[in-house]
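Visitor: Structure file structure-v3.cif (mmCIF, N, CA and C atoms) right here:
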```cif
data_structure
loop_
_atom_site.label_atom_id
_atom_site.label_comp_id
_atom_site.auth_asym_id
_atom_site.auth_seq_id
_atom_site.Cartn_x
_atom_site.Cartn_y
_atom_site.Cartn_z
N MET A 1305 8.23 10.24 -9.42
CA MET A 1305 7.71 8.90 -9.59
C MET A 1305 6.19 9.01 -9.66
N LYS A 1306 5.57 8.13 -10.42
CA LYS A 1306 4.11 8.11 -10.57
C LYS A 1306 3.60 6.72 -10.25
N LEU A 1307 2.44 6.66 -9.56
CA LEU A 1307 1.80 5.40 -9.19
C LEU A 1307 0.37 5.42 -9.68
N SER A 1308 -0.05 4.32 -10.31
CA SER A 1308 -1.42 4.26 -10.83
C SER A 1308 -1.95 2.83 -10.75
N SER A 1309 -3.25 2.68 -11.02
CA SER A 1309 -3.89 1.37 -11.06
C SER A 1309 -4.83 1.33 -12.25
N SER A 1310 -4.89 0.18 -12.90
CA SER A 1310 -5.85 0.00 -13.98
C SER A 1310 -7.25 -0.27 -13.43
N ALA A 1311 -7.36 -0.49 -12.11
CA ALA A 1311 -8.65 -0.81 -11.48
C ALA A 1311 -9.45 0.42 -11.06
N PHE A 1312 -8.77 1.52 -10.77
CA PHE A 1312 -9.46 2.75 -10.36
C PHE A 1312 -8.56 3.94 -10.60
N LYS A 1313 -9.19 5.08 -10.81
CA LYS A 1313 -8.47 6.34 -11.03
C LYS A 1313 -8.28 7.05 -9.69
N PRO A 1314 -7.30 7.97 -9.62
CA PRO A 1314 -7.07 8.70 -8.37
C PRO A 1314 -8.36 9.36 -7.85
N ARG A 1315 -8.57 9.20 -6.56
CA ARG A 1315 -9.70 9.78 -5.82
C ARG A 1315 -11.06 9.18 -6.21
N GLU A 1316 -11.05 8.10 -6.99
CA GLU A 1316 -12.29 7.43 -7.34
C GLU A 1316 -12.50 6.19 -6.47
N ARG A 1317 -13.71 5.65 -6.54
CA ARG A 1317 -14.10 4.50 -5.72
C ARG A 1317 -13.31 3.25 -6.12
N ILE A 1318 -12.82 2.55 -5.13
CA ILE A 1318 -12.13 1.28 -5.35
C ILE A 1318 -13.20 0.22 -5.61
N PRO A 1319 -13.11 -0.55 -6.68
CA PRO A 1319 -14.11 -1.58 -6.95
C PRO A 1319 -14.21 -2.59 -5.80
N ALA A 1320 -15.42 -3.07 -5.54
CA ALA A 1320 -15.69 -3.98 -4.42
C ALA A 1320 -14.80 -5.22 -4.46
N LYS A 1321 -14.39 -5.64 -5.64
CA LYS A 1321 -13.53 -6.82 -5.78
C LYS A 1321 -12.27 -6.72 -4.92
N TYR A 1322 -11.80 -5.49 -4.69
CA TYR A 1322 -10.55 -5.26 -3.96
C TYR A 1322 -10.79 -4.89 -2.50
N THR A 1323 -11.99 -5.19 -1.99
CA THR A 1323 -12.36 -4.83 -0.62
C THR A 1323 -12.71 -6.07 0.19
N GLY A 1324 -12.93 -5.87 1.49
CA GLY A 1324 -13.36 -6.95 2.36
C GLY A 1324 -14.75 -7.45 2.05
N GLU A 1325 -15.52 -6.67 1.28
CA GLU A 1325 -16.86 -7.10 0.87
C GLU A 1325 -16.83 -7.91 -0.42
N GLY A 1326 -15.68 -7.91 -1.08
CA GLY A 1326 -15.55 -8.63 -2.35
C GLY A 1326 -14.57 -9.78 -2.22
N ASP A 1327 -13.69 -9.91 -3.22
CA ASP A 1327 -12.70 -10.98 -3.23
C ASP A 1327 -11.48 -10.68 -2.36
N ASP A 1328 -11.39 -9.44 -1.89
CA ASP A 1328 -10.29 -9.00 -1.02
C ASP A 1328 -8.93 -9.20 -1.67
N LEU A 1329 -8.87 -8.92 -2.96
CA LEU A 1329 -7.61 -8.99 -3.71
C LEU A 1329 -6.94 -7.63 -3.71
N SER A 1330 -5.63 -7.61 -3.68
CA SER A 1330 -4.93 -6.34 -3.84
C SER A 1330 -5.10 -5.89 -5.29
N PRO A 1331 -5.28 -4.58 -5.50
CA PRO A 1331 -5.48 -4.10 -6.87
C PRO A 1331 -4.17 -4.11 -7.66
N PRO A 1332 -4.28 -4.19 -8.98
CA PRO A 1332 -3.07 -4.07 -9.79
C PRO A 1332 -2.52 -2.65 -9.66
N LEU A 1333 -1.21 -2.54 -9.57
CA LEU A 1333 -0.55 -1.23 -9.46
C LEU A 1333 0.58 -1.17 -10.47
N SER A 1334 0.85 0.02 -10.97
CA SER A 1334 2.02 0.21 -11.84
C SER A 1334 2.66 1.54 -11.51
N TRP A 1335 3.97 1.63 -11.75
CA TRP A 1335 4.69 2.87 -11.47
C TRP A 1335 5.70 3.15 -12.55
N SER A 1336 6.06 4.44 -12.63
CA SER A 1336 6.99 4.90 -13.65
C SER A 1336 7.84 6.04 -13.08
N ASP A 1337 8.79 6.51 -13.89
CA ASP A 1337 9.68 7.60 -13.50
C ASP A 1337 10.44 7.29 -12.21
N VAL A 1338 10.98 6.09 -12.16
CA VAL A 1338 11.72 5.62 -10.99
C VAL A 1338 13.07 6.33 -10.94
N PRO A 1339 13.47 6.82 -9.77
CA PRO A 1339 14.75 7.51 -9.68
C PRO A 1339 15.94 6.57 -9.85
N GLU A 1340 17.01 7.10 -10.41
CA GLU A 1340 18.24 6.34 -10.55
C GLU A 1340 18.75 5.97 -9.17
N GLY A 1341 19.32 4.79 -9.06
CA GLY A 1341 19.88 4.35 -7.79
C GLY A 1341 18.91 3.60 -6.91
N THR A 1342 17.68 3.35 -7.42
CA THR A 1342 16.70 2.61 -6.63
C THR A 1342 17.17 1.17 -6.45
N GLN A 1343 17.26 0.74 -5.18
CA GLN A 1343 17.70 -0.62 -4.86
C GLN A 1343 16.52 -1.54 -4.55
N GLU A 1344 15.45 -0.97 -4.00
CA GLU A 1344 14.23 -1.70 -3.67
C GLU A 1344 13.08 -0.72 -3.56
N PHE A 1345 11.87 -1.31 -3.54
CA PHE A 1345 10.66 -0.52 -3.28
C PHE A 1345 10.00 -1.06 -2.02
N ALA A 1346 9.23 -0.18 -1.37
CA ALA A 1346 8.37 -0.58 -0.26
C ALA A 1346 7.01 0.08 -0.50
N LEU A 1347 5.95 -0.58 -0.07
CA LEU A 1347 4.59 -0.08 -0.28
C LEU A 1347 3.82 -0.15 1.03
N ILE A 1348 3.11 0.94 1.33
CA ILE A 1348 2.22 0.96 2.50
C ILE A 1348 0.86 1.42 2.02
N CYS A 1349 -0.18 0.67 2.37
CA CYS A 1349 -1.55 1.08 2.09
C CYS A 1349 -2.23 1.28 3.43
N ASP A 1350 -2.80 2.47 3.63
CA ASP A 1350 -3.48 2.74 4.90
C ASP A 1350 -4.73 3.58 4.70
N ASP A 1351 -5.52 3.67 5.76
CA ASP A 1351 -6.78 4.41 5.79
C ASP A 1351 -6.67 5.49 6.86
N PRO A 1352 -6.43 6.75 6.45
CA PRO A 1352 -6.31 7.83 7.44
C PRO A 1352 -7.65 8.23 8.05
N ASP A 1353 -8.75 7.73 7.51
CA ASP A 1353 -10.09 8.09 7.99
C ASP A 1353 -10.66 7.07 8.97
N ALA A 1354 -9.86 6.07 9.33
CA ALA A 1354 -10.31 5.07 10.30
C ALA A 1354 -10.62 5.77 11.63
N PRO A 1355 -11.67 5.32 12.32
CA PRO A 1355 -12.06 5.98 13.57
C PRO A 1355 -11.14 5.58 14.74
N ARG A 1356 -9.91 6.07 14.65
CA ARG A 1356 -8.91 5.82 15.68
C ARG A 1356 -7.81 6.86 15.51
N PRO A 1357 -6.90 7.00 16.46
CA PRO A 1357 -5.90 8.07 16.39
C PRO A 1357 -4.90 7.95 15.25
N THR A 1358 -4.60 6.73 14.80
CA THR A 1358 -3.63 6.55 13.72
C THR A 1358 -4.30 5.85 12.54
N PRO A 1359 -3.77 6.04 11.32
CA PRO A 1359 -4.35 5.35 10.15
C PRO A 1359 -4.32 3.83 10.32
N TRP A 1360 -5.32 3.18 9.77
CA TRP A 1360 -5.42 1.72 9.77
C TRP A 1360 -4.57 1.19 8.62
N VAL A 1361 -3.63 0.31 8.94
CA VAL A 1361 -2.74 -0.24 7.91
C VAL A 1361 -3.39 -1.45 7.26
N HIS A 1362 -3.55 -1.39 5.94
CA HIS A 1362 -4.17 -2.47 5.17
C HIS A 1362 -3.14 -3.38 4.49
N TRP A 1363 -1.96 -2.84 4.22
CA TRP A 1363 -0.97 -3.65 3.49
C TRP A 1363 0.41 -3.05 3.67
N LEU A 1364 1.36 -3.90 3.97
CA LEU A 1364 2.78 -3.57 3.98
C LEU A 1364 3.47 -4.54 3.06
N LEU A 1365 4.20 -4.03 2.11
CA LEU A 1365 4.93 -4.88 1.16
C LEU A 1365 6.30 -4.26 0.97
N TYR A 1366 7.35 -5.03 1.16
CA TYR A 1366 8.70 -4.49 1.06
C TYR A 1366 9.62 -5.52 0.41
N LYS A 1367 10.85 -5.09 0.17
CA LYS A 1367 11.82 -5.90 -0.59
C LYS A 1367 11.29 -6.17 -2.01
N ILE A 1368 10.55 -5.21 -2.54
CA ILE A 1368 10.07 -5.32 -3.92
C ILE A 1368 11.26 -5.06 -4.83
N PRO A 1369 11.57 -5.99 -5.74
CA PRO A 1369 12.75 -5.84 -6.60
C PRO A 1369 12.72 -4.55 -7.43
N PRO A 1370 13.91 -3.95 -7.63
CA PRO A 1370 13.99 -2.67 -8.33
C PRO A 1370 13.66 -2.74 -9.82
N ASP A 1371 13.67 -3.94 -10.39
CA ASP A 1371 13.37 -4.06 -11.82
C ASP A 1371 11.86 -4.20 -12.09
N LEU A 1372 11.04 -4.28 -11.03
CA LEU A 1372 9.59 -4.35 -11.22
C LEU A 1372 9.03 -2.95 -11.46
N HIS A 1373 8.02 -2.89 -12.30
CA HIS A 1373 7.34 -1.61 -12.56
C HIS A 1373 5.86 -1.73 -12.28
N GLY A 1374 5.51 -2.75 -11.48
CA GLY A 1374 4.12 -2.91 -11.12
C GLY A 1374 3.88 -4.20 -10.36
N LEU A 1375 2.66 -4.31 -9.84
CA LEU A 1375 2.22 -5.51 -9.14
C LEU A 1375 0.93 -6.00 -9.79
N ASP A 1376 0.85 -7.29 -10.02
CA ASP A 1376 -0.35 -7.87 -10.58
C ASP A 1376 -1.46 -7.94 -9.53
N GLU A 1377 -2.69 -7.99 -9.98
CA GLU A 1377 -3.83 -8.14 -9.10
C GLU A 1377 -3.65 -9.34 -8.19
N GLY A 1378 -3.84 -9.12 -6.88
CA GLY A 1378 -3.78 -10.21 -5.92
C GLY A 1378 -2.40 -10.79 -5.67
N GLU A 1379 -1.36 -10.13 -6.14
CA GLU A 1379 0.00 -10.67 -6.04
C GLU A 1379 0.94 -9.73 -5.30
N SER A 1380 1.97 -10.31 -4.68
CA SER A 1380 3.03 -9.51 -4.06
C SER A 1380 4.26 -9.48 -4.95
N ASP A 1381 4.26 -10.28 -6.02
CA ASP A 1381 5.28 -10.27 -7.07
C ASP A 1381 6.72 -10.20 -6.56
N GLY A 1382 7.05 -11.07 -5.61
CA GLY A 1382 8.43 -11.16 -5.15
C GLY A 1382 8.73 -10.34 -3.91
N GLY A 1383 7.81 -9.48 -3.49
CA GLY A 1383 8.02 -8.71 -2.27
C GLY A 1383 7.67 -9.54 -1.04
N ILE A 1384 8.00 -9.00 0.12
CA ILE A 1384 7.68 -9.65 1.40
C ILE A 1384 6.60 -8.83 2.09
N GLU A 1385 5.57 -9.52 2.59
CA GLU A 1385 4.45 -8.83 3.21
C GLU A 1385 4.63 -8.72 4.72
N GLY A 1386 4.31 -7.54 5.23
CA GLY A 1386 4.36 -7.29 6.66
C GLY A 1386 2.99 -7.49 7.28
N LYS A 1387 2.93 -7.25 8.59
CA LYS A 1387 1.70 -7.46 9.35
C LYS A 1387 0.82 -6.21 9.26
N ASN A 1388 -0.42 -6.40 8.80
CA ASN A 1388 -1.37 -5.29 8.72
C ASN A 1388 -2.12 -5.15 10.05
N ASP A 1389 -3.01 -4.19 10.13
CA ASP A 1389 -3.74 -3.96 11.39
C ASP A 1389 -4.88 -4.95 11.61
N PHE A 1390 -5.09 -5.88 10.67
CA PHE A 1390 -5.99 -7.00 10.91
C PHE A 1390 -5.25 -8.11 11.65
N GLY A 1391 -3.92 -7.91 11.85
CA GLY A 1391 -3.10 -8.90 12.54
C GLY A 1391 -2.56 -9.98 11.64
N LEU A 1392 -2.64 -9.77 10.33
CA LEU A 1392 -2.22 -10.77 9.35
C LEU A 1392 -1.14 -10.23 8.45
N ALA A 1393 -0.32 -11.11 7.90
CA ALA A 1393 0.64 -10.72 6.87
C ALA A 1393 -0.09 -10.77 5.54
N GLY A 1394 -0.06 -9.69 4.80
CA GLY A 1394 -0.71 -9.64 3.51
C GLY A 1394 -1.67 -8.48 3.39
N TYR A 1395 -2.43 -8.50 2.33
CA TYR A 1395 -3.37 -7.43 2.01
C TYR A 1395 -4.70 -7.70 2.69
N GLY A 1396 -5.26 -6.67 3.28
CA GLY A 1396 -6.61 -6.69 3.82
C GLY A 1396 -7.34 -5.50 3.24
N GLY A 1397 -8.31 -5.72 2.39
CA GLY A 1397 -8.95 -4.64 1.65
C GLY A 1397 -9.82 -3.72 2.49
N PRO A 1398 -10.24 -2.61 1.87
CA PRO A 1398 -11.09 -1.64 2.54
C PRO A 1398 -12.34 -2.30 3.14
N MET A 1399 -12.68 -1.89 4.36
CA MET A 1399 -13.85 -2.41 5.06
C MET A 1399 -14.23 -1.40 6.15
N PRO A 1400 -14.54 -0.15 5.74
CA PRO A 1400 -14.84 0.86 6.75
C PRO A 1400 -16.14 0.55 7.48
N PRO A 1401 -16.33 1.12 8.66
CA PRO A 1401 -17.59 0.89 9.37
C PRO A 1401 -18.78 1.36 8.53
N PRO A 1402 -19.86 0.58 8.48
CA PRO A 1402 -21.04 0.99 7.72
C PRO A 1402 -21.56 2.34 8.21
N GLY A 1403 -21.93 3.20 7.26
CA GLY A 1403 -22.49 4.51 7.59
C GLY A 1403 -21.48 5.53 8.06
N HIS A 1404 -20.18 5.22 7.97
CA HIS A 1404 -19.13 6.13 8.44
C HIS A 1404 -18.71 7.12 7.37
N GLY A 1405 -19.30 7.02 6.19
CA GLY A 1405 -18.93 7.91 5.09
C GLY A 1405 -17.76 7.36 4.31
N PRO A 1406 -17.36 8.07 3.26
CA PRO A 1406 -16.26 7.59 2.42
C PRO A 1406 -14.92 7.67 3.16
N HIS A 1407 -14.13 6.64 3.00
CA HIS A 1407 -12.78 6.61 3.54
C HIS A 1407 -11.79 6.68 2.39
N ARG A 1408 -10.64 7.28 2.65
CA ARG A 1408 -9.56 7.34 1.67
C ARG A 1408 -8.57 6.20 1.95
N TYR A 1409 -8.11 5.56 0.90
CA TYR A 1409 -7.12 4.50 1.01
C TYR A 1409 -5.90 4.94 0.23
N ARG A 1410 -4.80 5.14 0.97
CA ARG A 1410 -3.57 5.66 0.39
C ARG A 1410 -2.60 4.51 0.11
N PHE A 1411 -2.27 4.34 -1.16
CA PHE A 1411 -1.23 3.40 -1.56
C PHE A 1411 0.01 4.26 -1.78
N THR A 1412 1.02 4.11 -0.94
CA THR A 1412 2.23 4.92 -1.04
C THR A 1412 3.41 4.01 -1.35
N LEU A 1413 4.06 4.30 -2.47
CA LEU A 1413 5.22 3.52 -2.91
C LEU A 1413 6.48 4.34 -2.65
N TYR A 1414 7.46 3.69 -2.05
CA TYR A 1414 8.74 4.33 -1.73
C TYR A 1414 9.84 3.69 -2.56
N ALA A 1415 10.64 4.53 -3.24
CA ALA A 1415 11.85 4.07 -3.91
C ALA A 1415 12.99 4.25 -2.91
N LEU A 1416 13.72 3.17 -2.65
CA LEU A 1416 14.74 3.18 -1.60
C LEU A 1416 16.15 3.04 -2.19
N ASP A 1417 17.12 3.70 -1.55
CA ASP A 1417 18.50 3.65 -2.02
C ASP A 1417 19.30 2.50 -1.41
N ALA A 1418 18.63 1.66 -0.60
CA ALA A 1418 19.30 0.53 0.03
C ALA A 1418 18.27 -0.57 0.27
N PRO A 1419 18.72 -1.82 0.31
CA PRO A 1419 17.79 -2.91 0.62
C PRO A 1419 17.23 -2.78 2.05
N VAL A 1420 15.97 -3.16 2.20
CA VAL A 1420 15.31 -3.13 3.50
C VAL A 1420 15.86 -4.27 4.36
N LYS A 1421 16.24 -3.93 5.58
CA LYS A 1421 16.75 -4.94 6.52
C LYS A 1421 15.75 -5.10 7.64
N VAL A 1422 14.70 -5.89 7.36
CA VAL A 1422 13.65 -6.16 8.33
C VAL A 1422 13.09 -7.55 8.02
N SER A 1423 12.65 -8.23 9.05
CA SER A 1423 12.16 -9.60 8.90
C SER A 1423 10.79 -9.66 8.25
N PRO A 1424 10.43 -10.81 7.68
CA PRO A 1424 9.06 -10.99 7.19
C PRO A 1424 8.08 -10.79 8.34
N GLY A 1425 6.93 -10.22 8.04
CA GLY A 1425 5.92 -9.98 9.06
C GLY A 1425 6.15 -8.73 9.88
N ALA A 1426 7.00 -7.83 9.40
CA ALA A 1426 7.29 -6.59 10.12
C ALA A 1426 6.04 -5.73 10.26
N THR A 1427 6.04 -4.90 11.28
CA THR A 1427 4.94 -3.95 11.48
C THR A 1427 5.25 -2.66 10.74
N GLU A 1428 4.25 -1.80 10.66
CA GLU A 1428 4.45 -0.51 10.00
C GLU A 1428 5.56 0.28 10.68
N ASP A 1429 5.57 0.33 12.00
CA ASP A 1429 6.62 1.08 12.72
C ASP A 1429 8.01 0.53 12.40
N GLU A 1430 8.14 -0.80 12.37
CA GLU A 1430 9.44 -1.40 12.05
C GLU A 1430 9.87 -1.04 10.64
N LEU A 1431 8.93 -1.10 9.70
CA LEU A 1431 9.26 -0.77 8.31
C LEU A 1431 9.64 0.70 8.18
N ARG A 1432 8.84 1.58 8.76
CA ARG A 1432 9.16 3.02 8.67
C ARG A 1432 10.52 3.33 9.29
N ASP A 1433 10.87 2.65 10.38
CA ASP A 1433 12.18 2.87 11.01
C ASP A 1433 13.33 2.54 10.07
N VAL A 1434 13.22 1.42 9.34
CA VAL A 1434 14.33 1.00 8.48
C VAL A 1434 14.40 1.76 7.14
N ILE A 1435 13.29 2.31 6.69
CA ILE A 1435 13.35 3.05 5.42
C ILE A 1435 13.69 4.53 5.63
N LYS A 1436 13.57 5.00 6.87
CA LYS A 1436 13.89 6.39 7.19
C LYS A 1436 15.32 6.70 6.75
N GLY A 1437 15.49 7.77 6.02
CA GLY A 1437 16.81 8.15 5.53
C GLY A 1437 17.23 7.46 4.25
N HIS A 1438 16.38 6.56 3.73
CA HIS A 1438 16.73 5.83 2.50
C HIS A 1438 15.72 6.06 1.38
N ILE A 1439 14.81 7.00 1.54
CA ILE A 1439 13.77 7.25 0.53
C ILE A 1439 14.29 8.21 -0.53
N LEU A 1440 14.41 7.70 -1.75
CA LEU A 1440 14.82 8.53 -2.89
C LEU A 1440 13.64 9.33 -3.43
N ASP A 1441 12.48 8.70 -3.44
CA ASP A 1441 11.27 9.34 -3.96
C ASP A 1441 10.08 8.52 -3.47
N GLN A 1442 8.90 9.12 -3.55
CA GLN A 1442 7.69 8.39 -3.21
C GLN A 1442 6.56 8.86 -4.10
N ALA A 1443 5.58 7.99 -4.29
CA ALA A 1443 4.40 8.31 -5.10
C ALA A 1443 3.19 7.75 -4.36
N GLN A 1444 2.06 8.43 -4.53
CA GLN A 1444 0.86 8.00 -3.82
C GLN A 1444 -0.33 7.96 -4.76
N LEU A 1445 -1.14 6.93 -4.56
CA LEU A 1445 -2.42 6.79 -5.26
C LEU A 1445 -3.48 6.65 -4.17
N VAL A 1446 -4.52 7.48 -4.26
CA VAL A 1446 -5.58 7.44 -3.26
C VAL A 1446 -6.88 7.03 -3.94
N GLY A 1447 -7.53 6.01 -3.37
CA GLY A 1447 -8.85 5.58 -3.80
C GLY A 1447 -9.79 5.71 -2.63
N THR A 1448 -11.08 5.63 -2.88
CA THR A 1448 -12.06 5.76 -1.80
C THR A 1448 -12.96 4.52 -1.75
N TYR A 1449 -13.58 4.34 -0.58
CA TYR A 1449 -14.58 3.28 -0.43
C TYR A 1449 -15.46 3.63 0.74
N GLU A 1450 -16.74 3.24 0.62
CA GLU A 1450 -17.73 3.52 1.65
C GLU A 1450 -18.71 2.38 1.71
N ARG A 1451 -19.18 2.08 2.94
CA ARG A 1451 -20.19 1.02 3.12
C ARG A 1451 -21.44 1.62 3.72
#
```
Render the structure in this file as structure tokens.
Guide:
Amino acid sequence: MKLSSSAFKPRERIPAKYTGEGDDLSPPLSWSDVPEGTQEFALICDDPDAPRPTPWVHWLLYKIPPDLHGLDEGESDGGIEGKNDFGLAGYGGPMPPPGHGPHRYRFTLYALDAPVKVSPGATEDELRDVIKGHILDQAQLVGTYER
């Protein structure tokens, strides 16, 4: 499976429009080479460079219909959003501490062989628990941002 964005190339800077300093919109994403038998998709966006023991979760999106091949800018396109580490359901864009250097933002898409059975507003741990054992394939797109 492949994951890409028309807004930025892999390992390149995420435009400010998609950050906490800009419009804080989720970037457009598209994917291809989906495995046969995909029932749903789930997406996790996190920052492994956050100054804490675990990555900072910026976005959880699940129950993404299997017939979708992308997400529009600023949209969840039929998926259900979980609770990010800002304490909100939805996308919270990059906003690393000033002077902390470049941070990596990992958008990881999971193709699942079964529908996700978790409530709206789920946490990352809850989502990871229910998708465990149901991942057919995954793809990752990494962008960077620094303040």
Visitor: Tell me, as number ranges by chain, which residues lie within 10 Å of stretch 1326-1336 of chain A, counting only C-alpha atoms; anything in the same chain fewer than 2 positions away does not count.
Guide: A: 1305-1312, 1318-1324, 1338-1339, 1362-1363, 1372-1380, 1394-1399, 1411, 1413, 1443-1445
Visitor: Please enumerate the residues selected by the PyMOL selection byres (((chain A and resi 1384 and name CA) around 9) and name CA) when evaluated against the supplied file, formatted as a PyMOL selection string.
Guide: chain A and resi 1364-1368+1380-1383+1385-1386+1393-1394+1423-1425
Visitor: Which of these, A:Asn1388, A:Glu1344, A:Pro1314, A:Arg1451, has the shortest distance to A:Asp1417 once you count all atoms listed in the file?
Guide: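 Ranked by minimum distance to A:Asp1417, first place goes to A:Glu1344.
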Visitor: What's the 12 Å shell around A:Gln1343, counting only C-alpha atoms, without same-chain residues fewer than 5 positions away, as a ChimeraX atom specification?
Guide: /A:1338,1366-1372,1414-1420,1435,1438-1441
Visitor: Provide the atom CA of A:Gly1341 to atom CA of A:Arg1410 distance in Å, to one decimal place.
Guide: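 Taking atom CA of A:Gly1341 and atom CA of A:Arg1410, their separation equals 24.9 Å.
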Visitor: Take every atom of stretch 1354-1357 of chain A listed in the file, fit an axis-aligned box around them, add 8 Å per side, and give the centre and edge lengths in Å to one decimal as AutoDock Vina command-line options.
Guide:
```
--center_x -8.5 --center_y 6.6 --center_z 12.9 --size_x 23.2 --size_y 19.0 --size_z 23.1
```
Visitor: So, with only C-alpha atoms as the atoms that count, which of A:Leu1431, A:Asp1337, A:Asp1389, A:Pro1401 lies closest to A:Asp1353?
Guide: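 Selected residue with least distance to A:Asp1353: A:Pro1401.
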Visitor: I'd like to know which residues of stretch 1306-1448 of chain A are strand (DSSP E or B) (by DSSP, run on the backbone); could you write them as number ranges by chain?
Guide: A: 1306-1308, 1317, 1333-1336, 1344-1351, 1360-1368, 1374-1375, 1384-1385, 1387, 1393, 1407-1416, 1439-1448
Visitor: Skipping near chain neighbours, those fewer than 2 positions away, what residues fall within 6 Å of A:Tyr1409 using only C-alpha atoms, listed as a PyMOL selection string?
Guide: chain A and resi 1350-1351+1446-1448
